[in-house]
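Printed here is work_39.cif (mmCIF, C-alpha atoms):
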```cif
data_target
#
loop_
_atom_site.label_atom_id
_atom_site.label_comp_id
_atom_site.auth_asym_id
_atom_site.auth_seq_id
_atom_site.Cartn_x
_atom_site.Cartn_y
_atom_site.Cartn_z
CA MET A 808 125.46 149.51 76.92
CA VAL A 809 124.95 148.51 80.55
CA VAL A 810 121.32 148.26 81.72
CA THR A 811 120.45 148.79 85.39
CA PRO A 812 117.67 146.44 86.58
CA THR A 813 115.19 147.18 89.31
CA PHE A 814 115.76 145.45 92.63
CA ARG A 815 112.67 143.30 92.01
CA GLU A 816 114.02 142.18 88.63
CA ALA A 817 117.33 141.31 90.25
CA LEU A 818 115.59 139.31 92.98
CA GLY A 819 113.87 137.18 90.35
CA PHE A 820 117.15 136.53 88.59
CA TRP A 821 119.09 135.58 91.73
CA LEU A 822 116.34 133.14 92.76
CA LYS A 823 116.36 131.60 89.28
CA LEU A 824 120.15 131.35 89.37
CA GLY A 825 120.04 129.59 92.74
CA CYS A 826 117.67 127.00 91.26
CA ILE A 827 119.56 126.29 88.00
CA SER A 828 123.23 126.76 88.94
CA PHE A 829 124.44 123.21 88.39
CA GLY A 830 127.97 122.36 87.29
CA GLY A 831 130.13 123.53 90.18
CA PRO A 832 131.94 126.88 90.29
CA ALA A 833 133.11 126.79 86.68
CA GLY A 834 129.62 126.16 85.37
CA GLN A 835 128.08 128.70 87.76
CA ILE A 836 130.57 131.41 86.81
CA ALA A 837 129.93 130.71 83.14
CA THR A 838 126.17 130.90 83.72
CA MET A 839 126.51 134.25 85.49
CA HIS A 840 128.68 135.55 82.67
CA THR A 841 126.17 134.47 80.05
CA GLU A 842 123.18 135.92 81.91
CA LEU A 843 124.63 139.07 83.49
CA VAL A 844 127.11 140.17 80.82
CA GLU A 845 125.95 138.80 77.47
CA ARG A 846 122.19 138.36 77.73
CA ARG A 847 120.90 140.94 80.23
CA ARG A 848 123.87 143.37 80.09
CA TRP A 849 123.53 144.30 83.74
CA ILE A 850 127.30 144.01 84.29
CA ASP A 851 129.98 144.94 81.75
CA VAL A 852 132.68 142.39 80.96
CA LYS A 853 135.48 144.42 82.57
CA THR A 854 133.64 144.68 85.86
CA PHE A 855 132.70 140.99 85.77
CA LEU A 856 136.26 139.80 85.19
CA HIS A 857 137.62 142.25 87.74
CA ALA A 858 135.16 140.91 90.31
CA LEU A 859 136.06 137.34 89.37
CA ASN A 860 139.76 138.10 89.84
CA PHE A 861 139.11 139.50 93.31
CA CYS A 862 136.91 136.56 94.38
CA MET A 863 139.49 134.05 93.20
CA VAL A 864 142.05 135.28 95.75
CA LEU A 865 139.62 135.09 98.69
CA PRO A 866 139.07 132.00 100.82
CA GLY A 867 135.64 130.50 100.39
CA PRO A 868 133.31 129.60 97.49
CA GLU A 869 134.28 131.90 94.63
CA ALA A 870 131.00 131.54 92.68
CA THR A 871 128.98 132.55 95.74
CA GLN A 872 131.28 135.50 96.34
CA LEU A 873 130.99 136.54 92.70
CA ALA A 874 127.19 136.54 93.00
CA ILE A 875 127.44 138.66 96.17
CA TYR A 876 129.83 141.07 94.44
CA CYS A 877 127.59 141.46 91.39
CA GLY A 878 124.51 141.93 93.57
CA TRP A 879 126.40 144.55 95.59
CA ARG A 880 127.52 146.27 92.40
CA LEU A 881 123.92 146.51 91.21
CA HIS A 882 122.08 147.45 94.42
CA GLY A 883 124.57 147.92 97.23
CA LEU A 884 124.34 146.07 100.55
CA ARG A 885 120.79 144.79 100.07
CA GLY A 886 121.69 143.62 96.57
CA GLY A 887 124.67 141.65 97.82
CA LEU A 888 122.66 140.07 100.62
CA ALA A 889 119.85 139.09 98.24
CA ALA A 890 122.21 137.65 95.64
CA GLY A 891 124.20 135.58 98.12
CA ILE A 892 121.22 134.28 100.10
CA LEU A 893 119.17 133.32 97.05
CA PHE A 894 122.18 131.70 95.41
CA VAL A 895 122.62 129.36 98.40
CA LEU A 896 119.06 128.89 99.73
CA PRO A 897 117.59 126.47 97.13
CA ALA A 898 120.56 124.11 97.42
CA ALA A 899 120.48 124.29 101.23
CA LEU A 900 116.80 123.34 101.37
CA LEU A 901 117.14 120.56 98.82
CA LEU A 902 120.26 119.08 100.39
CA TRP A 903 118.60 119.15 103.83
CA GLY A 904 115.80 117.00 102.42
CA LEU A 905 118.23 114.62 100.73
CA SER A 906 120.32 114.36 103.91
CA TRP A 907 117.22 113.49 105.95
CA ALA A 908 116.20 110.83 103.41
CA TYR A 909 119.75 109.47 103.45
CA MET A 910 119.83 109.10 107.23
CA ALA A 911 116.21 108.04 107.73
CA HIS A 912 115.89 105.56 104.89
CA GLY A 913 119.40 104.36 104.14
CA ASP A 914 120.61 103.81 100.60
CA LEU A 915 118.84 105.63 97.78
CA PRO A 916 119.08 103.56 94.59
CA ALA A 917 117.16 106.16 92.61
CA VAL A 918 119.60 108.88 93.63
CA THR A 919 122.53 106.63 92.73
CA ALA A 920 121.00 106.19 89.30
CA LEU A 921 120.57 109.95 88.98
CA PHE A 922 124.28 110.36 89.82
CA ARG A 923 125.11 108.07 86.93
CA GLY A 924 123.51 110.54 84.56
CA LEU A 925 124.40 113.76 86.36
CA LYS A 926 128.13 113.23 86.73
CA PRO A 927 128.85 113.04 82.96
CA ALA A 928 126.69 116.16 82.49
CA VAL A 929 128.75 118.01 85.10
CA VAL A 930 131.98 117.07 83.30
CA ALA A 931 130.53 118.47 80.08
CA ILE A 932 129.38 121.66 81.83
CA VAL A 933 132.84 122.25 83.30
CA ALA A 934 134.50 121.59 79.93
CA ALA A 935 132.22 124.09 78.18
CA ALA A 936 132.77 126.64 80.96
CA LEU A 937 136.53 126.16 80.75
CA ILE A 938 136.49 127.05 77.05
CA ARG A 939 134.31 130.10 77.61
CA ILE A 940 136.33 131.48 80.53
CA GLY A 941 139.62 130.70 78.82
CA ARG A 942 138.61 132.73 75.79
CA ARG A 943 137.77 135.69 77.99
CA SER A 944 140.77 135.64 80.30
CA LEU A 945 143.75 134.23 78.36
CA HIS A 946 145.21 137.10 76.35
CA GLY A 947 148.82 136.77 75.32
CA ALA A 948 151.59 134.23 75.77
CA LEU A 949 152.17 135.03 79.45
CA ALA A 950 148.55 134.32 80.39
CA TRP A 951 148.65 130.98 78.58
CA THR A 952 151.93 130.18 80.30
CA LEU A 953 150.47 130.96 83.72
CA ALA A 954 147.46 128.74 83.03
CA ALA A 955 149.65 125.86 81.84
CA GLY A 956 152.02 126.32 84.77
CA ALA A 957 149.17 126.29 87.28
CA PHE A 958 147.80 123.08 85.80
CA ALA A 959 151.23 121.40 85.81
CA ALA A 960 151.96 122.51 89.38
CA LEU A 961 148.64 121.18 90.66
CA TYR A 962 148.27 118.03 88.59
CA TYR A 963 151.87 116.82 88.45
CA GLY A 964 153.59 118.68 91.27
CA ARG A 965 150.73 118.41 93.80
CA VAL A 966 151.39 122.03 94.79
CA ALA A 967 148.79 123.50 97.15
CA PHE A 968 146.27 125.88 95.61
CA PRO A 969 147.16 128.84 97.90
CA VAL A 970 150.78 128.56 96.74
CA VAL A 971 149.68 128.71 93.09
CA VAL A 972 147.53 131.78 93.80
CA ALA A 973 150.31 133.53 95.73
CA ALA A 974 152.88 132.85 93.01
CA SER A 975 150.47 134.13 90.34
CA LEU A 976 149.83 137.31 92.34
CA VAL A 977 153.55 138.02 92.67
CA VAL A 978 154.25 137.37 88.99
CA GLY A 979 151.28 139.48 87.89
CA PHE A 980 152.19 142.37 90.20
CA LEU A 981 155.81 142.46 89.01
CA VAL A 982 154.81 142.16 85.36
CA GLY A 983 152.19 144.88 85.83
CA GLN A 984 154.89 147.24 87.08
CA ARG A 985 157.39 146.53 84.31
CA TRP A 986 155.19 145.60 81.34
CA PRO A 987 151.71 146.97 82.09
CA ASP A 988 150.07 145.60 78.92
CA ALA A 989 151.45 142.05 79.09
CA LEU A 990 148.48 140.70 81.06
CA VAL A 991 145.93 143.54 80.85
CA ALA A 992 145.46 144.06 77.15
CA ASP A 993 143.15 147.08 77.29
CA LYS A 994 144.19 150.38 78.81
CA GLN A 995 142.12 151.47 81.80
CA ASP A 996 140.36 154.69 80.83
CA PRO A 997 139.27 156.54 83.97
CA ASP A 998 136.34 158.05 82.03
CA ASP A 999 135.09 154.60 81.00
CA PRO A 1000 131.70 154.04 82.69
CA ALA A 1001 132.92 150.59 83.70
CA MET A 1002 135.68 152.25 85.71
CA ILE A 1003 133.39 154.55 87.67
CA PRO A 1004 132.64 153.02 91.09
CA PRO A 1005 128.92 152.61 91.85
CA ALA A 1006 127.20 154.54 94.59
CA ALA A 1007 127.67 151.47 96.78
CA ALA A 1008 131.42 151.97 96.56
CA ALA A 1009 131.27 155.25 98.45
CA ALA A 1010 133.18 155.40 101.70
CA VAL A 1011 131.86 152.74 104.05
CA PRO A 1012 132.42 152.47 107.79
CA MET A 1013 134.83 149.56 107.55
CA GLY A 1014 135.05 149.07 111.31
CA LYS A 1015 131.27 148.89 111.63
CA VAL A 1016 130.96 146.39 108.77
CA ALA A 1017 133.72 144.24 110.28
CA ALA A 1018 132.22 144.35 113.79
CA TRP A 1019 128.72 143.42 112.66
CA GLY A 1020 130.05 140.78 110.28
CA VAL A 1021 132.19 139.00 112.88
CA ALA A 1022 129.41 139.24 115.50
CA LEU A 1023 126.86 137.63 113.16
CA TRP A 1024 129.39 135.05 112.04
CA LEU A 1025 130.19 133.82 115.55
CA ALA A 1026 126.83 134.37 117.30
CA PRO A 1027 125.45 130.84 116.61
CA VAL A 1028 128.75 129.27 117.70
CA LEU A 1029 128.68 131.10 121.01
CA ALA A 1030 124.98 130.29 121.51
CA ALA A 1031 125.62 126.58 120.89
CA GLY A 1032 128.46 126.58 123.38
CA LEU A 1033 126.37 128.29 126.07
CA VAL A 1034 123.32 126.04 125.58
CA TRP A 1035 124.85 122.61 124.86
CA GLY A 1036 128.40 123.02 126.15
CA TRP A 1037 131.69 123.95 124.56
CA ASP A 1038 132.59 120.29 124.07
CA GLY A 1039 129.25 119.56 122.40
CA THR A 1040 129.05 118.60 118.76
CA LEU A 1041 127.38 121.82 117.59
CA ALA A 1042 129.90 124.15 119.23
CA ARG A 1043 132.84 122.11 117.96
CA MET A 1044 131.37 122.14 114.47
CA GLY A 1045 130.93 125.89 114.66
CA TRP A 1046 134.56 126.51 115.62
CA PHE A 1047 135.91 123.98 113.12
CA PHE A 1048 133.98 125.26 110.10
CA SER A 1049 134.70 128.87 111.07
CA ARG A 1050 138.41 128.08 110.89
CA ALA A 1051 137.92 126.13 107.67
CA ALA A 1052 136.19 129.15 106.10
CA LEU A 1053 139.45 131.09 106.41
CA VAL A 1054 141.59 128.54 104.56
CA THR A 1055 139.25 127.12 101.90
CA PHE A 1056 141.16 128.38 98.89
CA GLY A 1057 140.41 126.51 95.69
CA GLY A 1058 136.75 125.70 96.22
CA ALA A 1059 135.06 122.53 97.36
CA TYR A 1060 137.43 120.02 95.80
CA ALA A 1061 140.42 121.63 97.49
CA VAL A 1062 138.89 121.67 100.97
CA LEU A 1063 137.07 118.33 100.94
CA PRO A 1064 140.13 116.17 101.69
CA TYR A 1065 140.91 118.29 104.75
CA VAL A 1066 137.32 118.40 106.03
CA GLY A 1067 136.83 114.70 105.32
CA GLN A 1068 139.94 113.70 107.20
CA GLN A 1069 139.09 115.86 110.21
CA SER A 1070 135.43 114.81 110.26
CA VAL A 1071 136.21 111.09 110.06
CA GLU A 1072 139.55 110.63 111.83
CA HIS A 1073 139.77 113.50 114.32
CA PHE A 1074 136.21 114.29 115.38
CA GLY A 1075 134.56 110.98 114.43
CA TRP A 1076 131.44 112.73 113.12
CA LEU A 1077 131.22 110.65 109.93
CA ALA A 1078 131.95 107.03 109.09
CA PRO A 1079 134.42 106.24 106.30
CA GLY A 1080 132.67 106.53 102.97
CA GLN A 1081 129.94 108.91 104.12
CA MET A 1082 131.90 111.92 102.88
CA LEU A 1083 131.91 110.57 99.33
CA GLU A 1084 128.22 109.75 99.55
CA GLY A 1085 127.56 113.30 100.71
CA LEU A 1086 129.51 114.66 97.76
CA GLY A 1087 127.34 112.58 95.48
CA LEU A 1088 124.21 114.06 97.05
CA ALA A 1089 125.62 117.59 96.75
CA GLU A 1090 126.31 117.00 93.06
CA THR A 1091 122.55 116.56 92.51
CA THR A 1092 121.72 120.01 93.88
CA PRO A 1093 122.21 123.43 92.31
CA GLY A 1094 124.26 126.08 94.05
CA PRO A 1095 127.82 125.91 95.41
CA LEU A 1096 129.36 122.45 95.64
CA ILE A 1097 130.87 123.35 98.99
CA MET A 1098 127.30 122.92 100.24
CA VAL A 1099 128.45 119.34 100.87
CA LEU A 1100 129.72 120.69 104.20
CA GLN A 1101 126.08 121.06 105.20
CA PHE A 1102 125.74 117.31 104.72
CA VAL A 1103 128.70 116.81 107.05
CA GLY A 1104 127.02 118.97 109.68
CA PHE A 1105 123.68 117.21 109.32
CA VAL A 1106 125.04 113.65 109.44
CA GLY A 1107 127.61 114.40 112.14
CA ALA A 1108 125.04 116.01 114.44
CA TRP A 1109 122.43 113.32 113.66
CA GLN A 1110 124.88 110.60 114.70
CA HIS A 1111 125.93 112.55 117.83
CA SER A 1112 122.58 114.07 118.81
CA GLY A 1113 122.99 113.91 122.60
CA THR A 1114 119.80 115.07 124.33
CA LEU A 1115 118.22 116.26 121.08
CA SER A 1116 116.28 114.15 118.61
CA PRO A 1117 118.40 113.06 115.63
CA LEU A 1118 116.36 115.22 113.23
CA ALA A 1119 116.60 118.32 115.43
CA ALA A 1120 120.33 117.81 115.97
CA GLY A 1121 120.92 117.16 112.28
CA THR A 1122 118.99 120.28 111.29
CA LEU A 1123 120.94 122.43 113.76
CA GLY A 1124 124.20 120.90 112.55
CA ALA A 1125 123.29 121.69 108.94
CA LEU A 1126 122.40 125.27 109.88
CA MET A 1127 125.63 125.69 111.85
CA THR A 1128 127.91 124.49 109.06
CA THR A 1129 126.05 126.45 106.37
CA TRP A 1130 126.13 129.65 108.44
CA THR A 1131 129.82 129.46 109.36
CA THR A 1132 130.78 128.47 105.80
CA PHE A 1133 128.95 131.25 103.93
CA VAL A 1134 128.66 134.25 106.26
CA PRO A 1135 132.42 134.96 105.96
CA SER A 1136 131.97 135.37 102.18
CA PHE A 1137 129.54 138.23 102.74
CA VAL A 1138 131.97 139.84 105.19
CA PHE A 1139 134.92 139.55 102.79
CA ILE A 1140 132.98 141.07 99.88
CA PHE A 1141 131.38 143.92 101.79
CA LEU A 1142 134.74 144.84 103.30
CA GLY A 1143 136.86 144.49 100.20
CA ALA A 1144 134.71 145.31 97.18
CA PRO A 1145 134.47 149.11 97.70
CA TYR A 1146 138.23 149.45 97.96
CA ILE A 1147 138.93 147.09 95.07
CA GLU A 1148 136.59 149.20 92.93
CA ARG A 1149 138.52 152.37 93.73
CA ILE A 1150 141.96 151.00 92.86
CA ARG A 1151 141.06 148.86 89.87
CA GLY A 1152 142.91 151.31 87.56
CA TYR A 1153 146.22 150.63 89.36
CA ARG A 1154 148.13 148.64 86.76
CA PRO A 1155 150.25 146.40 89.04
CA LEU A 1156 147.10 145.35 90.91
CA ALA A 1157 145.26 144.79 87.64
CA GLY A 1158 148.16 142.65 86.47
CA ALA A 1159 148.19 140.65 89.70
CA LEU A 1160 144.47 139.91 89.53
CA ALA A 1161 144.61 139.11 85.81
CA ALA A 1162 147.44 136.66 86.52
CA VAL A 1163 145.27 134.93 89.11
CA THR A 1164 142.43 134.62 86.61
CA ALA A 1165 144.81 133.09 84.07
CA ALA A 1166 146.13 130.65 86.67
CA VAL A 1167 142.60 129.71 87.69
CA VAL A 1168 141.96 128.49 84.14
CA GLY A 1169 144.67 125.92 84.87
CA VAL A 1170 143.06 125.20 88.25
CA ILE A 1171 139.69 124.53 86.62
CA LEU A 1172 141.37 122.31 84.04
CA ASN A 1173 142.99 120.34 86.85
CA LEU A 1174 139.63 119.86 88.56
CA ALA A 1175 137.95 118.91 85.28
CA VAL A 1176 140.62 116.31 84.48
CA GLY A 1177 140.50 114.84 87.97
CA PHE A 1178 136.73 114.67 88.01
CA GLY A 1179 136.61 113.31 84.47
CA LEU A 1180 139.01 110.50 85.32
CA GLN A 1181 136.75 109.50 88.23
CA VAL A 1182 133.62 109.56 86.11
CA PHE A 1183 135.07 107.81 83.06
CA ARG A 1184 136.76 104.98 84.95
CA GLU A 1185 134.93 101.78 85.82
CA PRO A 1186 135.58 100.22 89.26
CA THR A 1187 137.33 97.41 87.39
CA GLY A 1188 139.73 99.89 85.81
CA GLY A 1189 138.27 100.00 82.31
CA ALA A 1190 136.57 102.90 80.57
CA ASP A 1191 132.91 103.65 81.32
CA ILE A 1192 131.54 103.89 77.78
CA PHE A 1193 128.14 105.08 79.04
CA ALA A 1194 129.72 108.02 80.93
CA VAL A 1195 132.00 108.98 78.03
CA THR A 1196 129.13 108.88 75.53
CA LEU A 1197 126.80 110.90 77.74
CA THR A 1198 129.51 113.50 78.40
CA VAL A 1199 130.20 113.96 74.69
CA ALA A 1200 126.47 114.23 73.96
CA ALA A 1201 125.93 116.81 76.71
CA PHE A 1202 128.95 118.84 75.56
CA VAL A 1203 127.76 118.88 71.94
CA LEU A 1204 124.28 119.96 73.01
CA MET A 1205 125.61 122.90 75.04
CA GLN A 1206 128.62 123.98 73.01
CA PHE A 1207 127.36 123.58 69.46
CA LEU A 1208 123.56 123.34 69.62
CA ARG A 1209 123.28 126.02 72.35
CA VAL A 1210 120.99 123.95 74.56
CA GLY A 1211 120.68 125.42 78.06
CA ILE A 1212 122.24 123.93 81.17
CA VAL A 1213 118.94 123.07 82.83
CA PRO A 1214 117.57 120.89 79.98
CA VAL A 1215 120.93 119.14 79.70
CA VAL A 1216 121.10 118.44 83.44
CA LEU A 1217 117.51 117.22 83.64
CA GLY A 1218 117.89 115.12 80.50
CA SER A 1219 121.10 113.52 81.75
CA ALA A 1220 119.52 112.75 85.12
CA LEU A 1221 116.59 111.15 83.32
CA VAL A 1222 118.95 109.00 81.27
CA GLY A 1223 120.71 107.91 84.48
CA TRP A 1224 117.37 107.10 86.12
CA ALA A 1225 116.37 105.06 83.05
CA THR A 1226 119.40 102.82 83.59
CA LEU A 1227 117.88 101.83 86.96
CA VAL A 1228 114.45 101.18 85.48
CA ILE A 1229 115.74 98.97 82.68
CA GLY A 1230 118.29 97.29 84.96
#
```
Conversion result in C-alpha cells:
Amino acid sequence: MVVTPTFREALGFWLKLGCISFGGPAGQIATMHTELVERRRWIDVKTFLHALNFCMVLPGPEATQLAIYCGWRLHGLRGGLAAGILFVLPAALLLWGLSWAYMAHGDLPAVTALFRGLKPAVVAIVAAALIRIGRRSLHGALAWTLAAGAFAALYYGRVAFPVVVAASLVVGFLVGQRWPDALVADKQDPDDPAMIPPAAAAAVPMGKVAAWGVALWLAPVLAAGLVWGWDGTLARMGWFFSRAALVTFGGAYAVLPYVGQQSVEHFGWLAPGQMLEGLGLAETTPGPLIMVLQFVGFVGAWQHSGTLSPLAAGTLGALMTTWTTFVPSFVFIFLGAPYIERIRGYRPLAGALAAVTAAVVGVILNLAVGFGLQVFREPTGGADIFAVTLTVAAFVLMQFLRVGIVPVVLGSALVGWATLVIG
C-alpha cells in the first residue's frame, strides 16, 4: 500500500538523500528505489520504473531527473523543485569547497588517499546496484538480449549512447505493438491506483512552463554577456554548458570526454590532467557525478578571472555551469511528466520505455566494467590487490550483510586515508 508523506517529511528525506547519495547514478537510483519503494512505500514499483524509463531517454543526469519526477509525483511543482534542489545542493557546496582548496593550496595528498579508498567502494556500490536494478527490469529473454546487446555495442563496438537508446526505443515500440507482453510482463489495469495520475498531472499550461523554464535557464547567461562581454569566460561557459545540457545522454561518463576535450583544447579553460583531477574530487562528494562540470566552471573561471578576483570568478563560473547543467532537467520533467503519466497505459510506449530500461542495464554494466578496470589496474599494468580486496569487502558488506551505503563509503574512505598515515 502506497503511503503519502507530508511535504515536511519529504523535505527531510530529499535533504538526507542529497547528503548520502554516493555511488554515481546506478547507486543513487538503487538508493531511491530502496528508500522510496521498499522502505517508505511512498512510490509504487510500477511508477518508479516508469519514471526511470522516462528519465533514461532524456538528456541530462538521470538520477537527478528521477528525484525531480518522484518529488513532483508526491507534491507537484514544489515537490519536484525541492527534490531536485536538495539532491544537488550538498554536493555543489562541498565541491565548491574542494575546488577552492584545490586551486588555493595545490595538491591534496589527503584527498588522494581518500580516493584510494573511495573508488573501490564506488565499484562495489555500482555492482550491487546493477544486480538490484537488473532483477527489477529484466523480465524475459528479449529484455536480457537488449541488455547484452547494449553492453556489446558500447564496450566492443564503441557505439554512441544516444544510438543505443534510439535503437532500444524502436525495438521496444515495435515489439509493444506486435507482442505487448514480451517486455511488459504485467497488464496495465486502468483501475490500478498506480495507473491513476496524481493531481499534479492535471492539465498544465505547457507554454507557460516552457517560457518560464527557458527564461530562467538562460537569464544568467544573458546577464554575464551584458556585464562582462559576450566573449568573456562566463558568457562562453554559459552558452557551452547550455548546449551540452541538450546532448548529455548517458550521464557523466558519456559527456566527460566531450567536455574535457572542449575545455582543454578548444577553450583552454583547463590544463591537461585537471579534468581527471576534478573527476576525482567529484567522486568524493554525494549527488550527481556530472557535478564535476562545476569543477570545470570553477577552475576555468579562476584561471581566466579577468577583472574579477580568482575566487569571485571561480565562484561565478561554478554557479554558471551548475545552473545551466541542472535547470534543463527541471524543465524537461515539468513539461514531460504530466503527459507521460497520462499515456503510460499505451502498450507500444510502455514497451519502448521498458526496452530502454533493459538496455540501460547493459549501459551500467559497461560503465562498471570500464571504471573497475581503471580502479583495479596499477600504473605499472599489474593488478591493484588493495583495490580488488576493498571492492570485494565493500560488496559483501552491502549485498550479503545489508550494511548501508554511508557506513561503507565512510569506512572505505577511512581505510584509504589510513594508507597515507602508515605510508
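Take CA of Ala911 in chain A and CA of Leu1123 in chain A: the distance between them is 16.3 Å.
Coordinates place CA of Ala1017 in chain A at a distance of 7.0 Å from CA of Val1138 in chain A.
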Inset, instruction - Could you tell me which of A:Val1016, A:Pro927, A:Trp849, A:Lys823 comes closest to Ile1192 in chain A if we count all atoms listed in the file? - result: A:Pro927
Inset, instruction - Calculate how many Å separate CA of Gly1104 in chain A from CA of Ser1136 in chain A, rounding to one decimal. - result: 18.7 Å
Residue list as a PDB file with C-alpha atoms, in the coordinates of the input for point (133.7, 135.3, 115.3), cut-off 10 Å, all atoms listed in the file:
```pdb
ATOM      1  CA  ALA A1018     132.220 144.350 113.790  1.00  0.00           C
ATOM      2  CA  TRP A1019     128.720 143.420 112.660  1.00  0.00           C
ATOM      3  CA  GLY A1020     130.050 140.780 110.280  1.00  0.00           C
ATOM      4  CA  VAL A1021     132.190 139.000 112.880  1.00  0.00           C
ATOM      5  CA  ALA A1022     129.410 139.240 115.500  1.00  0.00           C
ATOM      6  CA  LEU A1023     126.860 137.630 113.160  1.00  0.00           C
ATOM      7  CA  TRP A1024     129.390 135.050 112.040  1.00  0.00           C
ATOM      8  CA  LEU A1025     130.190 133.820 115.550  1.00  0.00           C
ATOM      9  CA  ALA A1026     126.830 134.370 117.300  1.00  0.00           C
ATOM     10  CA  PRO A1027     125.450 130.840 116.610  1.00  0.00           C
ATOM     11  CA  VAL A1028     128.750 129.270 117.700  1.00  0.00           C
ATOM     12  CA  LEU A1029     128.680 131.100 121.010  1.00  0.00           C
ATOM     13  CA  GLY A1045     130.930 125.890 114.660  1.00  0.00           C
ATOM     14  CA  TRP A1046     134.560 126.510 115.620  1.00  0.00           C
ATOM     15  CA  SER A1049     134.700 128.870 111.070  1.00  0.00           C
ATOM     16  CA  ARG A1050     138.410 128.080 110.890  1.00  0.00           C
ATOM     17  CA  THR A1131     129.820 129.460 109.360  1.00  0.00           C
ATOM     18  CA  PRO A1135     132.420 134.960 105.960  1.00  0.00           C
TER      19      PRO A1135
END
```
Legend entry - Matched chain/residue IDs from the PyMOL selection byres ((chain A and resi 941) around 12), as a PyMOL selection string: chain A and resi 833+837+856+933-940+942-947+950-951+953-955+1164-1172
Inset, instruction - Using only C-alpha atoms, pick whichever of A:Leu1088, A:Pro1145, A:Met1044, A:Val1099 has the shortest atom-to-atom distance to His1111 in chain A. - result: A:Met1044
For range 894-899 of chain A of the block above, can you save all heavy atoms as an mmCIF file, in the first residue's frame?
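And here is the file that came out, result39.cif:
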```cif
data_model
loop_
_atom_site.group_PDB
_atom_site.id
_atom_site.type_symbol
_atom_site.label_atom_id
_atom_site.label_comp_id
_atom_site.auth_asym_id
_atom_site.auth_seq_id
_atom_site.Cartn_x
_atom_site.Cartn_y
_atom_site.Cartn_z
ATOM 1 N N PHE A 894 18.732 17.493 -3.815
ATOM 2 C CA PHE A 894 19.562 16.399 -4.302
ATOM 3 C C PHE A 894 20.915 16.921 -4.783
ATOM 4 O O PHE A 894 21.932 16.226 -4.669
ATOM 5 C CB PHE A 894 18.839 15.690 -5.457
ATOM 6 C CG PHE A 894 19.544 14.453 -5.951
ATOM 7 C CD1 PHE A 894 19.571 13.300 -5.191
ATOM 8 C CD2 PHE A 894 20.181 14.440 -7.186
ATOM 9 C CE1 PHE A 894 20.223 12.156 -5.642
ATOM 10 C CE2 PHE A 894 20.829 13.315 -7.650
ATOM 11 C CZ PHE A 894 20.840 12.163 -6.865
ATOM 12 N N VAL A 895 20.939 18.133 -5.308
ATOM 13 C CA VAL A 895 22.160 18.698 -5.888
ATOM 14 C C VAL A 895 22.930 19.574 -4.903
ATOM 15 O O VAL A 895 24.164 19.611 -4.919
ATOM 16 C CB VAL A 895 21.789 19.528 -7.148
ATOM 17 C CG1 VAL A 895 22.974 20.342 -7.642
ATOM 18 C CG2 VAL A 895 21.269 18.606 -8.245
ATOM 19 N N LEU A 896 22.214 20.286 -4.006
ATOM 20 C CA LEU A 896 22.830 21.337 -3.195
ATOM 21 C C LEU A 896 23.997 20.861 -2.321
ATOM 22 O O LEU A 896 25.055 21.513 -2.306
ATOM 23 C CB LEU A 896 21.756 22.011 -2.339
ATOM 24 C CG LEU A 896 22.204 23.233 -1.537
ATOM 25 C CD1 LEU A 896 22.724 24.323 -2.471
ATOM 26 C CD2 LEU A 896 21.048 23.761 -0.685
ATOM 27 N N PRO A 897 23.875 19.757 -1.563
ATOM 28 C CA PRO A 897 25.020 19.364 -0.722
ATOM 29 C C PRO A 897 26.286 19.113 -1.525
ATOM 30 O O PRO A 897 27.386 19.533 -1.126
ATOM 31 C CB PRO A 897 24.519 18.082 -0.036
ATOM 32 C CG PRO A 897 23.032 18.217 -0.026
ATOM 33 C CD PRO A 897 22.708 18.894 -1.319
ATOM 34 N N ALA A 898 26.161 18.441 -2.663
ATOM 35 C CA ALA A 898 27.334 18.170 -3.493
ATOM 36 C C ALA A 898 27.913 19.462 -4.054
ATOM 37 O O ALA A 898 29.142 19.624 -4.138
ATOM 38 C CB ALA A 898 26.965 17.225 -4.634
ATOM 39 N N ALA A 899 27.037 20.397 -4.446
ATOM 40 C CA ALA A 899 27.518 21.668 -5.007
ATOM 41 C C ALA A 899 28.329 22.448 -3.977
ATOM 42 O O ALA A 899 29.401 22.992 -4.290
ATOM 43 C CB ALA A 899 26.335 22.501 -5.500
#
```
